[in-house]
$ cat entry29.txt   # compact mmCIF, C-alpha atoms
# COMPACT_ATOMS: atom_id res chain seq x y z
CA MET A 1 -37.93 1.37 -27.07
CA ILE A 2 -34.97 1.33 -24.70
CA ASP A 3 -36.02 0.74 -21.10
CA LEU A 4 -34.13 3.70 -19.66
CA ARG A 5 -35.90 3.66 -16.32
CA SER A 6 -34.64 0.20 -15.38
CA LYS A 7 -31.12 1.09 -16.48
CA PHE A 8 -31.15 4.26 -14.38
CA ALA A 9 -32.34 2.24 -11.40
CA GLY A 10 -29.39 -0.13 -11.71
CA ALA A 11 -26.90 2.71 -12.08
CA TRP A 12 -28.34 4.55 -9.11
CA ALA A 13 -28.15 1.41 -6.94
CA ARG A 14 -24.44 1.05 -7.76
CA LEU A 15 -23.79 4.68 -6.89
CA LYS A 16 -25.53 4.31 -3.53
CA VAL A 17 -23.30 1.34 -2.71
CA ALA A 18 -20.25 3.43 -3.64
CA LEU A 19 -21.37 6.23 -1.34
CA LEU A 20 -21.98 3.80 1.51
CA VAL A 21 -18.46 2.45 1.09
CA LEU A 22 -17.18 6.02 1.13
CA LYS A 23 -18.92 6.71 4.44
CA GLY A 24 -17.17 3.76 6.04
CA VAL A 25 -20.12 1.41 6.42
CA VAL A 26 -18.68 -1.30 4.20
CA PRO A 27 -18.35 -4.48 6.30
CA ALA A 28 -15.58 -3.68 8.74
CA ARG A 29 -13.79 -6.91 7.90
CA LEU A 30 -11.99 -4.72 5.35
CA ASN A 31 -9.00 -2.74 6.55
CA PRO A 32 -9.01 0.97 5.62
CA GLY A 33 -6.90 0.40 2.51
CA ASP A 34 -9.22 -2.32 1.23
CA ALA A 35 -12.24 -0.10 1.92
CA LEU A 36 -10.70 2.66 -0.18
CA HIS A 37 -9.96 0.13 -2.94
CA ALA A 38 -13.58 -1.03 -2.85
CA LEU A 39 -14.74 2.58 -3.12
CA GLN A 40 -12.52 3.19 -6.14
CA ALA A 41 -13.87 0.07 -7.84
CA GLU A 42 -17.47 1.11 -7.22
CA LEU A 43 -16.82 4.63 -8.50
CA ALA A 44 -15.22 3.23 -11.65
CA SER A 45 -18.24 0.99 -12.23
CA ALA A 46 -20.67 3.85 -11.69
CA ARG A 47 -18.64 6.07 -14.01
CA ALA A 48 -18.72 3.41 -16.71
CA GLU A 49 -22.48 3.04 -16.22
CA THR A 50 -22.89 6.77 -16.72
CA GLY A 51 -20.98 6.54 -20.02
CA ARG A 52 -23.15 3.67 -21.22
CA LEU A 53 -26.32 5.54 -20.34
CA ALA A 54 -25.12 8.61 -22.20
CA ALA A 55 -24.45 6.48 -25.29
CA GLU A 56 -27.90 4.90 -25.09
CA LEU A 57 -29.45 8.34 -24.72
CA ALA A 58 -27.69 9.49 -27.87
CA GLU A 59 -28.95 6.40 -29.67
CA ALA A 60 -32.47 6.98 -28.35
CA ARG A 61 -32.51 10.45 -29.88
CA ARG A 62 -32.45 8.81 -33.30
CA HIS A 63 -35.64 6.83 -32.58
CA PRO A 64 -38.85 8.80 -33.22
CA ASP A 65 -40.87 6.52 -30.91
CA VAL A 66 -39.07 7.90 -27.84
CA ARG A 67 -41.19 10.71 -26.46
CA ARG A 68 -39.60 14.08 -25.76
CA GLU A 69 -40.61 13.88 -22.08
CA GLU A 70 -38.73 10.63 -21.57
CA LEU A 71 -35.61 12.04 -23.18
CA LEU A 72 -35.70 15.10 -20.95
CA GLU A 73 -36.19 12.94 -17.87
CA ALA A 74 -33.31 10.69 -18.94
CA LYS A 75 -31.03 13.67 -19.47
CA ALA A 76 -31.89 15.02 -16.03
CA GLU A 77 -31.17 11.66 -14.41
CA ILE A 78 -27.80 11.40 -16.15
CA GLU A 79 -26.85 14.90 -15.01
CA LYS A 80 -27.87 14.02 -11.45
CA LEU A 81 -25.84 10.83 -11.51
CA GLY A 82 -22.82 12.69 -12.89
CA SER A 83 -23.11 15.32 -10.14
CA GLU A 84 -23.24 12.63 -7.46
CA LEU A 85 -20.14 11.01 -8.93
CA LEU A 86 -18.23 14.30 -8.82
CA VAL A 87 -19.19 14.75 -5.17
CA ALA A 88 -18.17 11.16 -4.41
CA GLN A 89 -14.80 11.67 -6.12
CA ALA A 90 -14.13 14.76 -4.05
CA GLU A 91 -15.10 12.98 -0.86
CA ALA A 92 -12.93 10.01 -1.86
CA SER A 93 -9.90 12.29 -2.13
CA GLN A 94 -10.69 13.73 1.27
CA SER A 95 -11.06 10.23 2.71
CA ALA A 96 -7.70 9.21 1.26
CA ARG A 97 -6.01 12.14 3.00
CA ALA A 98 -7.79 11.30 6.24
CA LEU A 99 -6.74 7.69 5.88
CA ALA A 100 -3.10 8.71 5.57
CA ARG A 101 -3.35 10.78 8.74
CA GLN A 102 -5.15 7.97 10.54
CA THR A 103 -2.49 5.46 9.50
CA GLY A 104 0.20 7.73 10.88
CA ARG A 105 -1.61 8.03 14.18
CA PHE A 106 -2.13 4.28 14.37
CA TYR A 107 1.59 3.66 14.73
CA ALA A 108 1.79 6.25 17.50
CA THR A 109 -0.91 4.73 19.64
CA THR A 110 -0.63 4.68 23.38
CA ARG A 111 -0.38 0.89 23.63
CA ILE A 112 3.20 -0.16 24.11
CA ASN A 113 2.64 -3.29 21.98
CA GLU A 114 1.92 -1.11 18.96
CA ALA A 115 4.59 1.51 19.65
CA LEU A 116 7.48 -0.94 19.92
CA HIS A 117 9.30 -2.75 17.14
CA VAL A 118 10.88 -5.79 18.77
CA PHE A 119 13.28 -8.09 16.91
CA MET A 120 12.99 -11.80 17.56
CA PRO A 121 16.46 -13.12 18.51
CA GLU A 122 18.15 -15.12 15.77
CA THR A 123 18.84 -17.84 18.31
CA VAL A 124 15.10 -18.36 18.65
CA LEU A 125 14.44 -18.29 14.91
CA GLN A 126 17.20 -20.76 14.10
CA ALA A 127 15.96 -23.27 16.65
CA ALA A 128 12.32 -22.75 15.59
CA ARG A 129 13.22 -23.59 11.98
CA GLU A 130 14.45 -27.05 12.99
CA GLU A 131 10.89 -28.26 12.44
CA ASP A 132 8.75 -27.40 9.41
CA PHE A 133 6.23 -24.61 9.82
CA LYS A 134 3.08 -24.87 7.73
CA VAL A 135 0.16 -22.45 7.47
CA VAL A 136 -3.20 -23.79 6.29
CA ASP A 137 -5.39 -20.92 5.08
CA VAL A 138 -9.07 -21.83 4.65
CA GLY A 139 -10.70 -19.01 2.69
CA ALA A 140 -7.47 -17.73 1.16
CA GLN A 141 -8.59 -14.83 -1.02
CA MET A 142 -6.02 -12.24 -2.06
CA LEU A 143 -5.90 -9.07 0.05
CA GLU A 144 -5.74 -5.96 -2.12
CA SER A 145 -3.82 -3.50 0.06
CA ALA A 146 -2.41 -5.36 3.05
CA ASP A 147 -0.30 -8.37 3.82
CA HIS A 148 -1.89 -11.49 5.24
CA ILE A 149 -1.57 -11.56 9.00
CA TYR A 150 0.84 -14.48 8.85
CA THR A 151 3.17 -13.07 6.16
CA GLN A 152 5.97 -11.97 8.52
CA LEU A 153 5.68 -15.18 10.52
CA VAL A 154 6.04 -17.36 7.43
CA VAL A 155 9.07 -15.39 6.24
CA ALA A 156 10.74 -15.54 9.66
CA LEU A 157 10.26 -19.31 9.95
CA SER A 158 10.82 -20.14 6.26
CA GLY A 159 7.33 -21.59 6.29
CA GLN A 160 4.93 -23.02 3.72
CA ILE A 161 1.40 -21.82 2.89
CA ILE A 162 -1.41 -24.12 1.74
CA GLY A 163 -4.48 -22.12 0.73
CA PHE A 164 -8.03 -23.26 -0.01
CA GLU A 165 -10.34 -21.10 -2.12
CA PRO A 166 -13.28 -22.43 -4.19
CA LEU A 167 -13.73 -19.24 -6.24
CA GLY A 168 -11.57 -19.69 -9.32
CA ASP A 169 -11.04 -15.98 -10.06
CA GLU A 170 -9.99 -15.26 -6.48
CA ARG A 171 -7.69 -18.28 -6.46
CA GLN A 172 -6.01 -17.12 -9.66
CA LYS A 173 -5.45 -13.60 -8.33
CA ARG A 174 -3.45 -14.93 -5.43
CA VAL A 175 -1.46 -17.44 -7.46
CA GLU A 176 -0.42 -14.68 -9.86
CA LYS A 177 0.81 -12.45 -7.03
CA GLU A 178 2.22 -15.09 -4.66
CA THR A 179 3.78 -17.85 -6.71
CA ALA A 180 5.16 -19.64 -3.64
CA VAL A 181 1.67 -20.26 -2.23
CA THR A 182 0.02 -23.59 -2.99
CA MET A 183 -3.65 -22.87 -3.75
CA LEU A 184 -6.19 -25.70 -3.83
CA PRO A 185 -9.80 -25.40 -5.12
CA HIS A 186 -11.54 -27.32 -2.34
CA ALA A 187 -14.39 -25.86 -0.30
CA ILE A 188 -13.48 -26.93 3.22
CA GLY A 189 -16.37 -27.87 5.49
CA SER A 190 -18.36 -30.85 6.71
CA GLY A 191 -17.67 -33.09 3.72
CA GLN A 192 -21.29 -32.86 2.52
CA SER A 193 -22.88 -31.40 -0.60
CA ALA A 194 -23.47 -27.66 -0.39
CA VAL A 195 -24.21 -24.53 -2.42
CA LEU A 196 -21.76 -21.65 -2.61
CA ARG A 197 -23.61 -18.32 -2.56
CA VAL A 198 -21.39 -15.79 -4.32
CA THR A 199 -22.24 -12.29 -3.10
CA LYS A 200 -21.80 -8.89 -4.70
CA PHE A 201 -19.04 -8.23 -2.15
CA SER A 202 -16.96 -11.31 -2.94
CA PRO A 203 -15.31 -11.79 0.51
CA ALA A 204 -18.81 -12.24 1.99
CA SER A 205 -19.55 -15.29 -0.19
CA SER A 206 -20.71 -18.22 1.93
CA LEU A 207 -22.15 -21.72 1.97
CA LEU A 208 -24.93 -20.24 4.11
CA VAL A 209 -27.88 -18.12 3.00
CA PRO A 210 -27.72 -14.42 3.98
CA ASP A 211 -30.46 -13.57 6.48
CA GLY A 212 -32.32 -10.73 4.80
CA GLY A 213 -34.32 -9.99 7.93
CA LYS A 214 -31.20 -9.38 10.04
CA LEU A 215 -29.36 -7.51 7.30
CA ALA A 216 -32.25 -5.10 6.71
CA ASP A 217 -31.49 -3.38 10.03
CA PHE A 218 -28.08 -2.22 8.80
CA LEU A 219 -26.65 0.13 6.19
CA ALA A 220 -24.67 -1.34 3.26
CA LEU A 221 -24.86 -4.98 4.37
CA PRO A 222 -27.96 -5.90 2.31
CA GLU A 223 -26.27 -4.58 -0.83
CA MET A 224 -22.92 -6.19 -0.05
CA LEU A 225 -24.44 -9.61 0.73
CA GLU A 226 -26.74 -9.70 -2.28
CA VAL A 227 -26.37 -13.18 -3.83
CA ILE A 228 -25.45 -12.91 -7.52
CA GLU A 229 -24.62 -16.55 -8.23
CA GLU A 230 -25.22 -19.98 -6.70
CA THR A 231 -22.87 -22.87 -7.40
CA PRO A 232 -23.48 -26.44 -6.13
CA LEU A 233 -20.31 -28.11 -4.88
CA GLU A 234 -18.96 -30.87 -2.66
CA THR A 235 -17.19 -29.79 0.50
CA ARG A 236 -14.22 -31.68 1.90
CA ARG A 237 -13.10 -32.25 5.46
CA LEU A 238 -9.67 -30.87 6.28
CA ASP A 239 -8.77 -34.23 7.84
CA ASP A 240 -9.23 -35.88 4.41
CA ILE A 241 -6.71 -33.65 2.61
CA PRO A 242 -3.07 -34.83 2.82
CA GLU A 243 -1.68 -31.36 2.06
CA ALA A 244 -3.05 -30.13 5.41
CA ASP A 245 -1.03 -32.64 7.45
CA GLY A 246 1.45 -31.06 9.84
CA CYS A 247 -0.36 -27.75 10.05
CA ARG A 248 1.07 -25.39 12.69
CA LEU A 249 -1.11 -22.31 12.10
CA LEU A 250 -4.71 -22.78 10.97
CA LYS A 251 -6.37 -19.64 9.61
CA ILE A 252 -10.13 -19.81 8.87
CA ASP A 253 -12.30 -17.14 7.23
CA VAL A 254 -15.34 -18.77 5.61
CA GLN A 255 -18.28 -16.53 6.49
CA GLY A 256 -20.25 -18.61 8.98
CA GLY A 257 -18.75 -22.01 8.11
CA GLU A 258 -15.97 -21.93 10.71
CA LEU A 259 -17.54 -24.49 13.04
CA ASP A 260 -17.98 -27.02 10.21
CA VAL A 261 -14.33 -26.56 9.24
CA LEU A 262 -13.19 -27.20 12.81
CA LYS A 263 -15.44 -30.23 13.24
CA GLY A 264 -13.88 -31.71 10.12
CA ALA A 265 -10.35 -30.98 11.35
CA VAL A 266 -10.20 -32.95 14.62
CA ASN A 267 -7.11 -34.89 13.58
CA SER A 268 -5.47 -31.90 11.90
CA LEU A 269 -5.81 -29.88 15.10
CA GLN A 270 -3.44 -32.25 16.90
CA SER A 271 -0.42 -30.62 15.24
CA VAL A 272 -1.76 -27.05 15.33
CA LEU A 273 -0.13 -24.52 17.65
CA ALA A 274 -2.35 -21.51 16.91
CA VAL A 275 -5.72 -20.88 15.27
CA PHE A 276 -6.66 -17.57 13.69
CA VAL A 277 -10.40 -17.75 13.06
CA GLU A 278 -13.16 -15.28 12.28
CA VAL A 279 -15.87 -15.47 14.94
CA GLU A 280 -19.31 -13.91 14.65
CA PHE A 281 -21.60 -12.29 17.22
CA LEU A 282 -24.72 -11.84 15.04
CA ASP A 283 -26.13 -14.47 12.69
CA ILE A 284 -26.24 -12.46 9.46
CA TYR A 285 -26.49 -15.81 7.65
CA GLN A 286 -29.27 -18.31 8.34
CA SER A 287 -28.40 -21.02 10.90
CA GLN A 288 -24.98 -19.46 11.44
CA PRO A 289 -22.97 -20.77 14.44
CA LEU A 290 -21.76 -17.92 16.62
CA PHE A 291 -18.73 -17.25 18.81
CA PRO A 292 -19.74 -19.41 21.84
CA SER A 293 -19.88 -22.59 19.73
CA VAL A 294 -16.50 -22.00 18.06
CA HIS A 295 -14.92 -21.00 21.39
CA ALA A 296 -16.20 -24.11 23.18
CA LEU A 297 -14.91 -26.46 20.48
CA LEU A 298 -11.44 -24.94 20.47
CA GLU A 299 -11.22 -25.06 24.26
CA GLN A 300 -12.25 -28.72 24.10
CA HIS A 301 -9.27 -29.39 21.83
CA GLY A 302 -6.71 -27.69 24.07
CA PHE A 303 -6.69 -24.07 22.91
CA GLU A 304 -7.25 -20.82 24.80
CA LEU A 305 -8.31 -17.41 23.53
CA LEU A 306 -5.42 -14.94 23.50
CA ASP A 307 -7.24 -11.98 21.94
CA LEU A 308 -10.03 -10.77 19.66
CA LEU A 309 -8.57 -8.67 16.84
CA GLU A 310 -9.95 -6.45 14.06
CA PRO A 311 -13.54 -6.18 15.37
CA GLY A 312 -16.13 -5.44 12.70
CA TYR A 313 -19.14 -3.26 13.45
CA GLY A 314 -22.44 -2.69 11.69
CA SER A 315 -24.28 0.61 11.26
CA TYR A 316 -27.95 0.52 12.21
CA ARG A 317 -30.14 2.32 9.68
CA ALA A 318 -32.16 4.31 12.21
CA ALA A 319 -30.97 7.92 12.64
CA ASN A 320 -27.65 7.14 11.01
CA ASN A 321 -25.78 9.25 8.47
CA GLY A 322 -23.47 6.37 7.70
CA ARG A 323 -20.72 7.34 10.15
CA LEU A 324 -22.06 5.63 13.27
CA GLN A 325 -21.19 1.98 13.94
CA SER A 326 -22.55 0.37 17.08
CA ARG A 327 -23.22 -3.36 16.62
CA LEU A 328 -20.34 -5.78 17.04
CA LEU A 329 -20.74 -8.28 14.20
CA TRP A 330 -17.48 -10.23 14.06
CA ALA A 331 -13.81 -10.28 15.01
CA ASP A 332 -10.72 -12.40 14.43
CA GLY A 333 -10.06 -14.74 17.33
CA LEU A 334 -6.42 -15.67 18.02
CA TYR A 335 -6.32 -19.00 19.87
CA VAL A 336 -3.10 -20.57 21.14
CA ARG A 337 -2.21 -24.01 22.43
CA LYS A 338 -2.50 -24.24 26.22
CA LEU A 339 0.75 -24.95 28.00
CA GLY A 340 1.31 -27.59 30.69
CA LEU A 341 -1.70 -29.81 30.03
CA GLY A 342 0.24 -33.07 29.91
CA ARG A 343 1.08 -32.67 26.25
CA VAL A 344 4.82 -32.25 25.70
CA LEU A 345 5.75 -29.74 23.02
CA THR A 346 9.22 -29.90 21.51
CA ILE A 347 11.61 -26.97 21.70
CA PRO A 348 10.97 -25.93 18.06
CA GLN A 349 7.20 -26.16 18.61
CA LEU A 350 7.35 -23.92 21.69
CA LEU A 351 9.53 -21.44 19.84
CA GLN A 352 7.14 -21.44 16.88
CA LEU A 353 4.28 -20.73 19.31
CA ALA A 354 6.22 -17.81 20.79
CA CYS A 355 6.87 -16.51 17.26
CA ALA A 356 3.16 -16.78 16.50
CA GLY A 357 2.35 -14.44 19.39
CA HIS A 358 5.19 -12.11 18.43
CA PHE A 359 4.56 -11.81 14.68
CA LEU A 360 0.79 -12.29 14.42
CA ALA A 361 -0.30 -9.73 16.97
CA LYS A 362 2.75 -8.17 18.71
CA LYS A 363 1.99 -10.07 21.91
CA PHE A 364 5.47 -9.55 23.30
CA ASP A 365 4.74 -10.48 26.91
CA TYR A 366 2.98 -13.65 25.74
CA ALA A 367 5.99 -14.55 23.58
CA ALA A 368 8.23 -14.04 26.62
CA HIS A 369 5.87 -16.22 28.68
CA VAL A 370 6.15 -19.11 26.20
CA LEU A 371 9.94 -18.76 25.99
CA ALA A 372 10.19 -18.81 29.78
CA PHE A 373 8.05 -21.97 29.83
CA CYS A 374 10.40 -23.53 27.26
CA ASP A 375 13.40 -22.62 29.43
CA ARG A 376 11.85 -24.27 32.49
CA GLU A 377 10.82 -27.40 30.61
CA HIS A 378 13.94 -27.92 28.49
CA GLY A 379 16.76 -26.05 30.25
CA THR A 380 17.18 -23.48 27.47
CA ALA A 381 17.87 -19.74 27.82
CA PHE A 382 15.71 -18.13 25.13
CA ALA A 383 13.71 -15.83 27.44
CA ARG A 384 16.86 -13.95 28.44
CA ASP A 385 17.73 -13.22 24.79
CA TYR A 386 14.20 -12.07 24.07
CA SER A 387 14.07 -9.79 27.12
CA GLY A 388 17.24 -8.15 25.85
CA LYS A 389 15.62 -7.43 22.47
CA LEU A 390 12.55 -6.00 24.21
CA LYS A 391 14.75 -3.69 26.27
CA GLU A 392 16.58 -2.55 23.12
CA ALA A 393 13.23 -1.71 21.48
CA GLU A 394 12.24 0.44 24.43
CA GLN A 395 15.55 2.30 24.30
CA ARG A 396 15.22 2.87 20.54
CA LEU A 397 11.76 4.34 20.98
CA GLU A 398 12.95 6.77 23.64
CA ALA A 399 16.04 7.72 21.59
CA GLN A 400 13.82 8.58 18.61
CA GLY A 401 11.88 11.04 20.71
CA GLY A 402 9.04 8.71 21.53
CA SER A 403 7.86 7.90 25.00
CA LEU A 404 6.65 4.72 26.58
CA PRO A 405 2.93 4.97 27.33
CA ASP A 406 1.83 5.32 30.90
CA THR A 407 0.07 1.98 31.13
CA LYS A 408 -1.07 0.07 34.17
CA PRO A 409 -1.94 -3.60 34.60
CA GLY A 410 -5.61 -4.44 34.30
CA PHE A 411 -8.15 -2.53 32.26
CA ARG A 412 -7.09 -0.19 29.51
$ encode --input "entry29.txt" --output "structure tokens"
Amino acid sequence: MIDLRSKFAGAWARLKVALLVLKGVVPARLNPGDALHALQAELASARAETGRLAAELAEARRHPDVRREELLEAKAEIEKLGSELLVAQAEASQSARALARQTGRFYATTRINEALHVFMPETVLQAAREEDFKVVDVGAQMLESADHIYTQLVVALSGQIIGFEPLGDERQKRVEKETAVTMLPHAIGSGQSAVLRVTKFSPASSLLVPDGGKLADFLALPEMLEVIEETPLETRRLDDIPEADGCRLLKIDVQGGELDVLKGAVNSLQSVLAVFVEVEFLDIYQSQPLFPSVHALLEQHGFELLDLLEPGYGSYRAANNGRLQSRLLWADGLYVRKLGLGRVLTIPQLLQLACAGHFLAKKFDYAAHVLAFCDREHGTAFARDYSGKLKEAEQRLEAQGGSLPDTKPGFR
């Protein structure tokens, strides 16, 4: 006899995950577009599961050994699941409209950095291109509905991207969409043997074991970080991979393995101007290094923290309808090379560093600061050109009916 109960349980679990995604409690590492994409995928899976269950129910009707009570219960469960899917679809449409409104408001925020669209002077870009610009992306999965943070920077500097991604399917997705990217299959880490834990939510896959005790306190996370496959593999140190030589921007997103990557990249860091690394504030994986350890290592190697971007929050289960998010779990740390520490950077390197601040995170005053440093050290005049572009951006905003926000130095 068909085990309908177990099949219903699996279908219901998938629907609950879809509803959690809908309520916004998917790991906040996703941007809103990716969260909506994840919701659509879960709804499609749940819809397909409903169809399969209906077919099995029809088949079960032809078997006399299936009791009438079980068939009635199965029919009721299918109707309930279908009703939940209809509700979820309606809420998904509402969320899509809200997302569009939210996106529009995002570009009209009160922070001047977000309101302005500043053009980097061509004089700066031409001089910056005199040296090669290479991005090394460790954990280089394809993003479904957004550009990678370094996309504009790479285009502006005619740069090269070297990506590392051990998951074959994820690697292939990116190669098919971005043919100019060089994707390598290595798992970057300490250089030791390890096990890749592939999770139900693929971007959360890690060499570390999810900590079920910590995850149980939060909505959605236990389902998202459920391990569905374990693959033994050999990790490699970044310093042992020739393709990583000459890296200017190092981006790391490896779900708890960031410190191992950095420890294996001591030589590679010598050429790096900026590091974009995910840092964590709660060990949702067992023995997971947290922000203080990563921060201390980068400071030791001559970097300073410029900003924490895209913070991700978790929703505690207690008294939570899925819309409340209180616990800071992770963020993206943007670290930049410290200036004036006895290490002489060339003119192109300083200009590339200024471009990193400008294109990665719209840090216009930081970009101006680096250009002014370059002018003092090398007798150039790039800061003047950049200040002119910044002034033009302010005038354009006011001419379009916008207004410069009333900001003050200090806290915001």
$ residues_around --input "entry29.txt" --residues "A:Leu339" --least-positions-apart "2" --cutoff "10 Å" --atoms "all atoms listed in the file" --output "ChimeraX atom specification"
/A:302-304,336-337,341-345,350,370,373-374
$ residues_near_point --input "entry29.txt" --point "(14.9, -6.8, 22.6)" --cutoff "10 Å" --atoms "only C-alpha atoms" --output "list in words"
Leu116, His117, Val118, Phe119, Met120, Pro121, Phe364, Arg384, Asp385, Tyr386, Ser387, Gly388, Lys389, Leu390, Lys391, Glu392, Ala393, Glu394, Gln395 and Arg396 of chain A
$ residues_near_point --input "entry29.txt" --point "(11.4, -29.3, 22.7)" --cutoff "10 Å" --atoms "all atoms listed in the file" --output "ChimeraX atom specification"
/A:127-128,344-351,374-375,377-380
$ atom_distance --input "entry29.txt" --atom1 "atom CA of A:Leu269" --atom2 "atom CA of A:Arg248"
8.6 Å
$ atom_distance --input "entry29.txt" --atom1 "atom CA of A:Leu249" --atom2 "atom CA of A:Val181"
14.7 Å
$ residues_around --input "entry29.txt" --residues "stretch 291-301 of chain A" --least-positions-apart "3" --cutoff "8 Å" --atoms "only C-alpha atoms" --output "list in words"
Glu258, Leu259, Leu262, Leu269, Val279, Glu280, Phe281, Glu304, Leu305 and Tyr335 of chain A
$ axis_aligned_box --input "entry29.txt" --around "stretch 390-398 of chain A" --padding-each-side "5 Å" --output "JSON"
{"center_x": 14.2, "center_y": 0.4, "center_z": 23.4, "size_x": 14.8, "size_y": 22.8, "size_z": 15.7}
$ residues_around --input "entry29.txt" --residues "stretch 265-268 of chain A" --least-positions-apart "3" --cutoff "12 Å" --atoms "all atoms listed in the file" --output "JSON, numbers by chain"
{"A": [134, 135, 136, 138, 188, 189, 190, 191, 236, 237, 238, 239, 240, 241, 242, 243, 244, 245, 246, 247, 248, 249, 250, 252, 258, 259, 260, 261, 262, 271, 272, 273, 274, 275, 297, 298, 300, 301, 302]}
$ atom_distance --input "entry29.txt" --atom1 "atom CA of A:Asp137" --atom2 "atom CA of A:Asp365"
26.2 Å
$ residues_around --input "entry29.txt" --residues "A:Pro203" --least-positions-apart "2" --cutoff "10 Å" --atoms "all atoms listed in the file" --output "ChimeraX atom specification"
/A:27,29-30,139-143,170,198-201,205-206,224-225,253-255
$ residues_around --input "entry29.txt" --residues "A:Ala354" --least-positions-apart "4" --cutoff "8 Å" --atoms "all atoms listed in the file" --output "list in words"
Leu350, His358, Tyr366, Ala367, Ala368, Val370 and Leu371 of chain A
$ closest_residue --input "entry29.txt" --among "A:Gln160, A:Gln152, A:Thr231, A:Thr123" --to "A:Gly357" --atoms "all atoms listed in the file"
A:Gln152
